[in-house]
>>> print(open('input35.cif').read())   # mmCIF, C-alpha atoms
data_work
#
loop_
_atom_site.label_atom_id
_atom_site.label_comp_id
_atom_site.auth_asym_id
_atom_site.auth_seq_id
_atom_site.Cartn_x
_atom_site.Cartn_y
_atom_site.Cartn_z
CA MET W 1 13.05 -2.62 -19.63
CA GLU W 2 10.89 -4.64 -17.25
CA LYS W 3 8.48 -2.39 -15.40
CA HIS W 4 7.81 -2.80 -11.71
CA ILE W 5 4.78 -1.73 -9.67
CA LEU W 6 4.83 1.05 -7.10
CA THR W 7 2.03 1.52 -4.57
CA VAL W 8 1.48 3.99 -1.73
CA ASP W 9 -0.68 3.30 1.33
CA VAL W 10 -2.12 6.74 2.08
CA GLU W 11 -2.75 6.76 5.80
CA ASP W 12 -1.87 9.30 8.45
CA ASN W 13 1.40 9.26 10.38
CA PHE W 14 -0.31 7.16 13.04
CA THR W 15 -3.46 5.07 13.38
CA ARG W 16 -5.88 4.59 16.27
CA GLU W 17 -4.54 1.06 16.73
CA GLU W 18 -0.99 2.33 17.29
CA LEU W 19 -2.02 4.68 20.10
CA LYS W 20 -2.24 3.58 23.71
CA ASN W 21 -5.51 5.51 23.86
CA GLY W 22 -7.45 5.51 20.59
CA ARG W 23 -9.42 8.55 21.73
CA ASP W 24 -6.24 10.62 21.32
CA TRP W 25 -6.42 10.23 17.52
CA ASP W 26 -8.51 13.36 16.93
CA ARG W 27 -6.21 15.65 18.91
CA TYR W 28 -2.86 14.69 17.39
CA GLU W 29 -1.38 16.56 14.44
CA GLY W 30 -1.80 14.80 11.11
CA GLN W 31 0.76 15.10 8.31
CA VAL W 32 -0.76 13.01 5.55
CA VAL W 33 -1.35 15.89 3.11
CA THR W 34 2.20 17.22 3.42
CA ASN W 35 3.80 13.78 3.32
CA THR W 36 1.79 12.62 0.30
CA LYS W 37 2.92 15.73 -1.58
CA ILE W 38 6.55 14.75 -0.90
CA ILE W 39 5.95 11.46 -2.75
CA LEU W 40 4.03 13.12 -5.59
CA ASP W 41 6.88 15.58 -6.14
CA LEU W 42 9.45 12.76 -6.06
CA LEU W 43 7.55 10.70 -8.64
CA ALA W 44 7.18 13.75 -10.88
CA THR W 45 10.96 14.18 -10.82
CA TYR W 46 11.43 10.62 -12.07
CA ASN W 47 8.38 10.61 -14.37
CA SER W 48 7.07 7.54 -12.53
CA CYS W 49 3.50 6.41 -11.93
CA ALA W 50 1.98 4.69 -8.87
CA THR W 51 -1.21 3.38 -7.32
CA PHE W 52 -2.29 5.28 -4.20
CA PHE W 53 -4.36 3.11 -1.84
CA ILE W 54 -6.22 5.70 0.24
CA VAL W 55 -7.90 5.12 3.59
CA GLY W 56 -11.54 6.23 3.35
CA THR W 57 -11.53 8.32 6.53
CA VAL W 58 -8.40 10.11 5.32
CA ALA W 59 -10.04 10.90 1.95
CA GLU W 60 -13.14 12.10 3.77
CA ARG W 61 -11.08 14.46 5.92
CA HIS W 62 -8.73 15.55 3.11
CA PRO W 63 -10.49 15.15 -0.28
CA GLU W 64 -7.83 17.38 -1.82
CA ILE W 65 -5.42 14.43 -1.62
CA VAL W 66 -7.52 12.49 -4.14
CA GLU W 67 -7.65 15.51 -6.43
CA GLN W 68 -3.87 15.99 -6.29
CA ILE W 69 -3.15 12.30 -6.98
CA ILE W 70 -5.43 12.23 -10.02
CA LYS W 71 -4.09 15.55 -11.30
CA LYS W 72 -0.57 14.08 -11.28
CA GLY W 73 -1.74 11.10 -13.37
CA HIS W 74 -1.70 8.36 -10.72
CA GLU W 75 -4.26 5.69 -9.85
CA VAL W 76 -6.60 6.01 -6.86
CA ALA W 77 -7.54 2.78 -5.04
CA SER W 78 -8.99 1.83 -1.64
CA HIS W 79 -7.04 1.06 1.53
CA SER W 80 -10.38 0.25 3.22
CA TYR W 81 -12.64 2.80 4.87
CA TRP W 82 -11.73 2.52 8.56
CA HIS W 83 -8.19 1.06 8.26
CA LYS W 84 -8.98 -1.72 10.69
CA PRO W 85 -8.06 -5.43 10.40
CA LEU W 86 -10.85 -7.05 8.37
CA SER W 87 -10.10 -10.38 10.04
CA LYS W 88 -11.31 -8.91 13.35
CA MET W 89 -14.55 -7.46 11.99
CA SER W 90 -17.98 -9.03 11.61
CA THR W 91 -19.25 -9.87 8.12
CA ASP W 92 -21.60 -6.88 8.24
CA GLU W 93 -18.74 -4.57 9.25
CA VAL W 94 -16.52 -5.90 6.45
CA GLU W 95 -19.24 -5.29 3.87
CA GLU W 96 -19.92 -1.81 5.22
CA ASP W 97 -16.21 -0.97 5.10
CA ILE W 98 -15.87 -2.14 1.49
CA ARG W 99 -19.11 -0.47 0.39
CA ARG W 100 -18.28 2.88 1.99
CA SER W 101 -14.74 3.00 0.64
CA SER W 102 -15.89 2.10 -2.89
CA HIS W 103 -18.65 4.71 -2.90
CA LEU W 104 -16.57 7.51 -1.35
CA LEU W 105 -13.41 7.11 -3.40
CA SER W 106 -15.27 6.47 -6.67
CA GLU W 107 -17.27 9.64 -6.12
CA LEU W 108 -14.13 11.68 -5.38
CA ALA W 109 -12.26 10.13 -8.32
CA GLY W 110 -15.14 10.65 -10.73
CA LYS W 111 -15.18 6.98 -11.78
CA GLN W 112 -15.33 3.50 -10.28
CA ILE W 113 -12.05 2.65 -8.59
CA ALA W 114 -10.65 -0.78 -9.37
CA GLY W 115 -8.33 -1.80 -6.53
CA PHE W 116 -8.63 -2.73 -2.86
CA ARG W 117 -6.05 -3.34 -0.14
CA ALA W 118 -6.93 -4.33 3.42
CA MET W 119 -4.91 -3.21 6.42
CA ALA W 120 -1.88 -5.42 7.19
CA TYR W 121 -2.88 -8.37 4.96
CA SER W 122 -5.88 -8.99 7.22
CA ILE W 123 -8.49 -10.55 4.94
CA PRO W 124 -11.44 -12.53 6.35
CA GLU W 125 -11.12 -16.28 6.79
CA ASP W 126 -13.70 -16.92 4.05
CA GLU W 127 -11.64 -15.71 1.12
CA GLY W 128 -14.18 -16.68 -1.53
CA TRP W 129 -16.85 -14.57 0.15
CA PHE W 130 -14.41 -11.66 0.52
CA TYR W 131 -13.43 -11.63 -3.16
CA SER W 132 -17.06 -12.00 -4.23
CA LEU W 133 -17.91 -9.01 -2.04
CA LEU W 134 -15.16 -6.93 -3.62
CA LYS W 135 -16.54 -7.66 -7.09
CA THR W 136 -20.08 -6.82 -5.93
CA TYR W 137 -18.89 -3.31 -5.06
CA GLY W 138 -16.99 -2.77 -8.30
CA PHE W 139 -13.46 -3.85 -7.44
CA THR W 140 -11.61 -5.83 -10.10
CA TYR W 141 -8.32 -6.49 -8.34
CA ASP W 142 -7.10 -6.99 -4.78
CA SER W 143 -3.75 -6.55 -3.02
CA SER W 144 -4.59 -7.68 0.51
CA LYS W 145 -2.69 -10.93 0.88
CA LYS W 146 0.86 -12.28 0.99
CA ARG W 147 1.66 -14.94 -1.57
CA PRO W 148 1.45 -18.48 -0.10
CA ALA W 149 4.92 -19.97 0.32
CA SER W 150 3.87 -23.15 -1.50
CA GLY W 151 2.18 -21.37 -4.39
CA ARG W 152 3.34 -20.01 -7.73
CA ASP W 153 5.77 -17.11 -7.50
CA GLU W 154 4.06 -14.74 -9.96
CA THR W 155 3.30 -11.31 -8.54
CA ILE W 156 -0.04 -11.15 -10.37
CA GLN W 157 -2.37 -14.15 -10.31
CA ASP W 158 -5.97 -14.62 -11.38
CA ILE W 159 -7.84 -16.26 -8.50
CA GLY W 160 -11.30 -15.24 -9.68
CA ILE W 161 -10.17 -11.68 -9.12
CA GLN W 162 -6.77 -10.31 -10.08
CA GLN W 163 -4.53 -10.69 -7.02
CA ILE W 164 -1.35 -8.60 -6.69
CA TYR W 165 1.08 -9.92 -4.09
CA PRO W 166 3.92 -8.11 -2.30
CA SER W 167 7.33 -9.35 -3.43
CA ALA W 168 9.39 -11.82 -1.42
CA VAL W 169 12.57 -13.86 -1.72
CA SER W 170 13.51 -17.13 -0.10
CA PHE W 171 16.00 -16.73 2.75
CA PHE W 172 17.07 -19.81 4.71
CA GLY W 173 13.83 -21.53 3.81
CA LYS W 174 11.59 -18.59 4.70
CA GLN W 175 9.80 -16.13 2.45
CA ILE W 176 11.03 -12.62 3.28
CA VAL W 177 9.00 -9.70 1.92
CA PHE W 178 11.56 -7.11 0.82
CA SER W 179 9.33 -4.70 -1.07
CA GLY W 180 7.68 -2.53 1.56
CA GLY W 181 6.81 -1.56 5.12
CA SER W 182 9.15 -2.32 8.00
CA TYR W 183 10.84 -4.97 5.81
CA LEU W 184 11.96 -2.35 3.31
CA ARG W 185 13.02 0.08 6.06
CA LEU W 186 15.09 -2.43 8.04
CA LEU W 187 16.62 -4.64 5.35
CA PRO W 188 19.97 -3.55 3.87
CA ARG W 189 19.78 -1.94 0.44
CA SER W 190 21.86 -4.77 -1.04
CA PHE W 191 19.18 -7.29 -0.01
CA VAL W 192 16.43 -5.17 -1.60
CA GLU W 193 18.46 -4.72 -4.78
CA LYS W 194 19.06 -8.48 -5.03
CA GLY W 195 15.30 -9.03 -4.81
CA PHE W 196 14.74 -6.59 -7.67
CA GLN W 197 17.43 -8.29 -9.75
CA ASP W 198 15.88 -11.73 -9.18
CA TYR W 199 12.40 -10.54 -10.17
CA THR W 200 13.70 -8.62 -13.19
CA ARG W 201 15.60 -11.68 -14.42
CA LYS W 202 12.34 -13.69 -14.32
CA ASN W 203 10.32 -10.91 -16.04
CA ASN W 204 8.19 -10.79 -12.90
CA PRO W 205 7.32 -7.33 -11.56
CA VAL W 206 8.20 -6.35 -8.02
CA MET W 207 5.18 -4.89 -6.22
CA MET W 208 6.59 -2.22 -3.93
CA TYR W 209 4.61 -0.41 -1.23
CA VAL W 210 5.48 2.67 0.82
CA HIS W 211 3.70 4.99 3.26
CA PRO W 212 3.72 8.80 3.21
CA TRP W 213 4.88 9.06 6.84
CA GLU W 214 8.06 7.15 5.93
CA PHE W 215 9.21 10.27 4.06
CA ASN W 216 9.13 12.60 7.06
CA LYS W 217 11.20 11.96 10.21
CA ASP W 218 9.67 14.97 11.95
CA GLN W 219 6.87 13.10 13.68
CA PRO W 220 4.83 14.94 16.33
CA PRO W 221 4.99 13.43 19.86
CA ARG W 222 2.27 10.90 20.62
CA ASN W 223 1.57 8.25 23.22
CA VAL W 224 2.32 4.89 21.57
CA SER W 225 3.58 1.49 22.69
CA LEU W 226 7.29 0.70 23.01
CA LYS W 227 7.02 -1.62 20.00
CA GLN W 228 5.61 1.19 17.88
CA LYS W 229 8.33 3.59 19.05
CA ILE W 230 10.96 1.11 17.87
CA ILE W 231 9.25 0.37 14.53
CA GLN W 232 8.88 4.07 13.70
CA SER W 233 12.07 5.38 15.33
CA PRO W 234 14.04 7.88 13.20
CA TRP W 235 16.89 5.44 12.51
CA THR W 236 14.52 3.20 10.53
CA TYR W 237 13.64 5.96 8.02
CA THR W 238 15.49 4.57 5.00
CA THR W 239 12.56 4.33 2.56
CA ASP W 240 13.21 7.72 0.97
CA LYS W 241 16.82 6.92 0.04
CA LYS W 242 16.00 3.39 -1.07
CA LEU W 243 13.13 4.51 -3.30
CA LYS W 244 15.31 7.17 -4.96
CA PHE W 245 17.98 4.52 -5.55
CA LEU W 246 15.41 2.22 -7.19
CA LEU W 247 13.75 4.99 -9.24
CA ASP W 248 17.19 5.70 -10.70
CA ARG W 249 17.51 2.11 -11.90
CA TYR W 250 14.03 0.82 -12.70
CA GLU W 251 10.82 1.96 -14.34
CA PHE W 252 7.72 1.97 -12.14
CA THR W 253 4.04 2.10 -12.99
CA SER W 254 0.64 1.73 -11.32
CA ILE W 255 -1.19 -1.56 -10.90
CA ILE W 256 -3.94 -0.58 -13.33
CA GLU W 257 -1.47 0.44 -16.05
CA TYR W 258 0.56 -2.74 -15.59
CA LEU W 259 -2.57 -4.87 -15.89
CA LYS W 260 -3.63 -3.04 -19.05
CA GLU W 261 -0.21 -3.51 -20.64
CA HIS W 262 0.56 -7.09 -19.62
CA HIS W 263 -2.69 -8.89 -18.77
CA GLU W 264 -5.18 -7.79 -21.44
CA TYR W 265 -7.01 -6.02 -18.63
CA ILE W 266 -10.10 -4.04 -19.61
CA ALA W 267 -10.70 -1.15 -17.22
CA ASP W 268 -13.73 1.06 -16.67
#
>>> encode(input="input35.cif", output="structure tokens")
Amino acid sequence: MEKHILTVDVEDNFTREELKNGRDWDRYEGQVVTNTKIILDLLATYNSCATFFIVGTVAERHPEIVEQIIKKGHEVASHSYWHKPLSKMSTDEVEEDIRRSSHLLSELAGKQIAGFRAMAYSIPEDEGWFYSLLKTYGFTYDSSKKRPASGRDETIQDIGIQQIYPSAVSFFGKQIVFSGGSYLRLLPRSFVEKGFQDYTRKNNPVMMYVHPWEFNKDQPPRNVSLKQKIIQSPWTYTTDKKLKFLLDRYEFTSIIEYLKEHHEYIAD
């Protein structure tokens, strides 16, 4: 059976950027510990493995999350330190973000972490510099970019660093990412299943990504924009059911384990 890749972006049920007033972030109730446990319990039921990309500030506030993820046999990776768009940061800020997340998460994990994922596919304009920086701080693969429409359709590509792209299908001439985020929540299950069938037929793994808050409709009130209210409204919470449907039909593993098995990847 062709294995697919499952990843989890471990961030709280809201970010500073989503709030009308970023200063409210410290006073709102966070649910990341509870919501991450929901996913860990679900994966244990299906004997599935995943990569958990953890925001540095979340790990700093809740180091027990890292411990629980490792204890359950999953991979820990970085979802940046501040969870801010790297494309809007200075070069010094980008380096500090990467350095701090690598140091913090590696220390909590007890070994050098291998993977990095920026917020919202927001890598710096100078991609060569960015990938070189990742390697400087111990990262050996990246998952921060959508696959170019004109490029090869493999999920995993060696571009000087192993790059793992989210999965997309062509729809009326456009590349539609079906494997995570608001795409996964809003697209019909039949569309998602067709994407999995297409990738499976080509022996190309789907790279799926979910967020802990997508598994808990009981969100505390907070002052966010109208757009954010629509994106995270209760009727969009379909990720839980869709993931269970897919776990019933496919085998999932972490990025690091897939690389070891299929790409002669040497870790540690």
>>> closest_atom_pairs(input="input35.cif", of="segment 46-110 of chain W", to="segment 198-215 of chain W", cutoff="10 Å", atoms="only C-alpha atoms", output="Markdown table")
| residue | atom | partner | partner_atom | distance |
| --- | --- | --- | --- | --- |
| W:Ala50 | CA | W:Tyr209 | CA | 9.6 |
| W:Thr51 | CA | W:Tyr209 | CA | 9.2 |
| W:Phe52 | CA | W:Tyr209 | CA | 9.4 |
| W:Phe53 | CA | W:Tyr209 | CA | 9.7 |
>>> residues_around(input="input35.cif", residues="segment 75-83 of chain W", least_positions_apart="6", cutoff="8 Å", atoms="only C-alpha atoms", output="list in words")
Asp9, Val10, Ala50, Thr51, Phe52, Phe53, Ile54, Val55, Gly56, Thr57, Val66, Ile69, Asp97, Ile98, Arg100, Ser101, Ser102, Leu105, Ala109, Ile113, Ala114, Gly115, Phe116, Arg117, Ala118, Met119, Ser254, Ile255 and Ile256 of chain W
>>> atom_distance(input="input35.cif", atom1="atom CA of Gly151 of chain W", atom2="atom CA of Ser122 of chain W")
18.8 Å
>>> residues_around(input="input35.cif", residues="segment 235-243 of chain W", least_positions_apart="2", cutoff="9 Å", atoms="only C-alpha atoms", output="list in words")
Ile39, Gly180, Gly181, Ser182, Leu184, Arg185, Leu186, Arg189, Val192, Val210, His211, Glu214, Phe215, Asn216, Lys217, Ile230, Ile231, Gln232, Ser233, Phe245, Leu246, Leu247 and Asp248 of chain W
>>> residues_around(input="input35.cif", residues="Arg99 of chain W", least_positions_apart="4", cutoff="10 Å", atoms="all atoms listed in the file", output="list in words")
Ser80, Tyr81, Glu93, Val94, Glu95, His103, Leu104, Leu133, Leu134, Thr136, Tyr137 and Gly138 of chain W
>>> write_last_selection(input="input35.cif", atoms="C-alpha atoms", output="compact mmCIF listing (two decimals), keeping the file's coordinate frame")
# COMPACT_ATOMS: atom_id res chain seq x y z
CA SER W 80 -10.38 0.25 3.22
CA TYR W 81 -12.64 2.80 4.87
CA GLU W 93 -18.74 -4.57 9.25
CA VAL W 94 -16.52 -5.90 6.45
CA GLU W 95 -19.24 -5.29 3.87
CA HIS W 103 -18.65 4.71 -2.90
CA LEU W 104 -16.57 7.51 -1.35
CA LEU W 133 -17.91 -9.01 -2.04
CA LEU W 134 -15.16 -6.93 -3.62
CA THR W 136 -20.08 -6.82 -5.93
CA TYR W 137 -18.89 -3.31 -5.06
CA GLY W 138 -16.99 -2.77 -8.30
>>> residues_near_point(input="input35.cif", point="(-8.7, -17.3, -6.9)", cutoff="12 Å", atoms="only C-alpha atoms", output="PyMOL selection string")
chain W and resi 127-132+141-142+145+147+151+156-164
>>> closest_residue(input="input35.cif", among="W:Glu64, W:Thr45, W:Thr155, W:Thr140", to="Val33 of chain W", atoms="only C-alpha atoms")
W:Glu64
>>> residues_around(input="input35.cif", residues="Ser150 of chain W", least_positions_apart="5", cutoff="12 Å", atoms="all atoms listed in the file", output="count of residues only")
4
>>> atom_distance(input="input35.cif", atom1="atom CA of Pro85 of chain W", atom2="atom CA of Ile70 of chain W")
27.1 Å
>>> residues_near_point(input="input35.cif", point="(-12.7, -12.4, 8.7)", cutoff="7 Å", atoms="only C-alpha atoms", output="list in words")
Leu86, Ser87, Lys88, Met89, Ser90, Ile123, Pro124, Glu125 and Asp126 of chain W
>>> closest_residue(input="input35.cif", among="W:Ile176, W:Leu259, W:Ser106, W:Lys135", to="Ala149 of chain W", atoms="all atoms listed in the file")
W:Ile176
>>> atom_distance(input="input35.cif", atom1="atom CA of Pro166 of chain W", atom2="atom CA of Lys146 of chain W")
6.1 Å
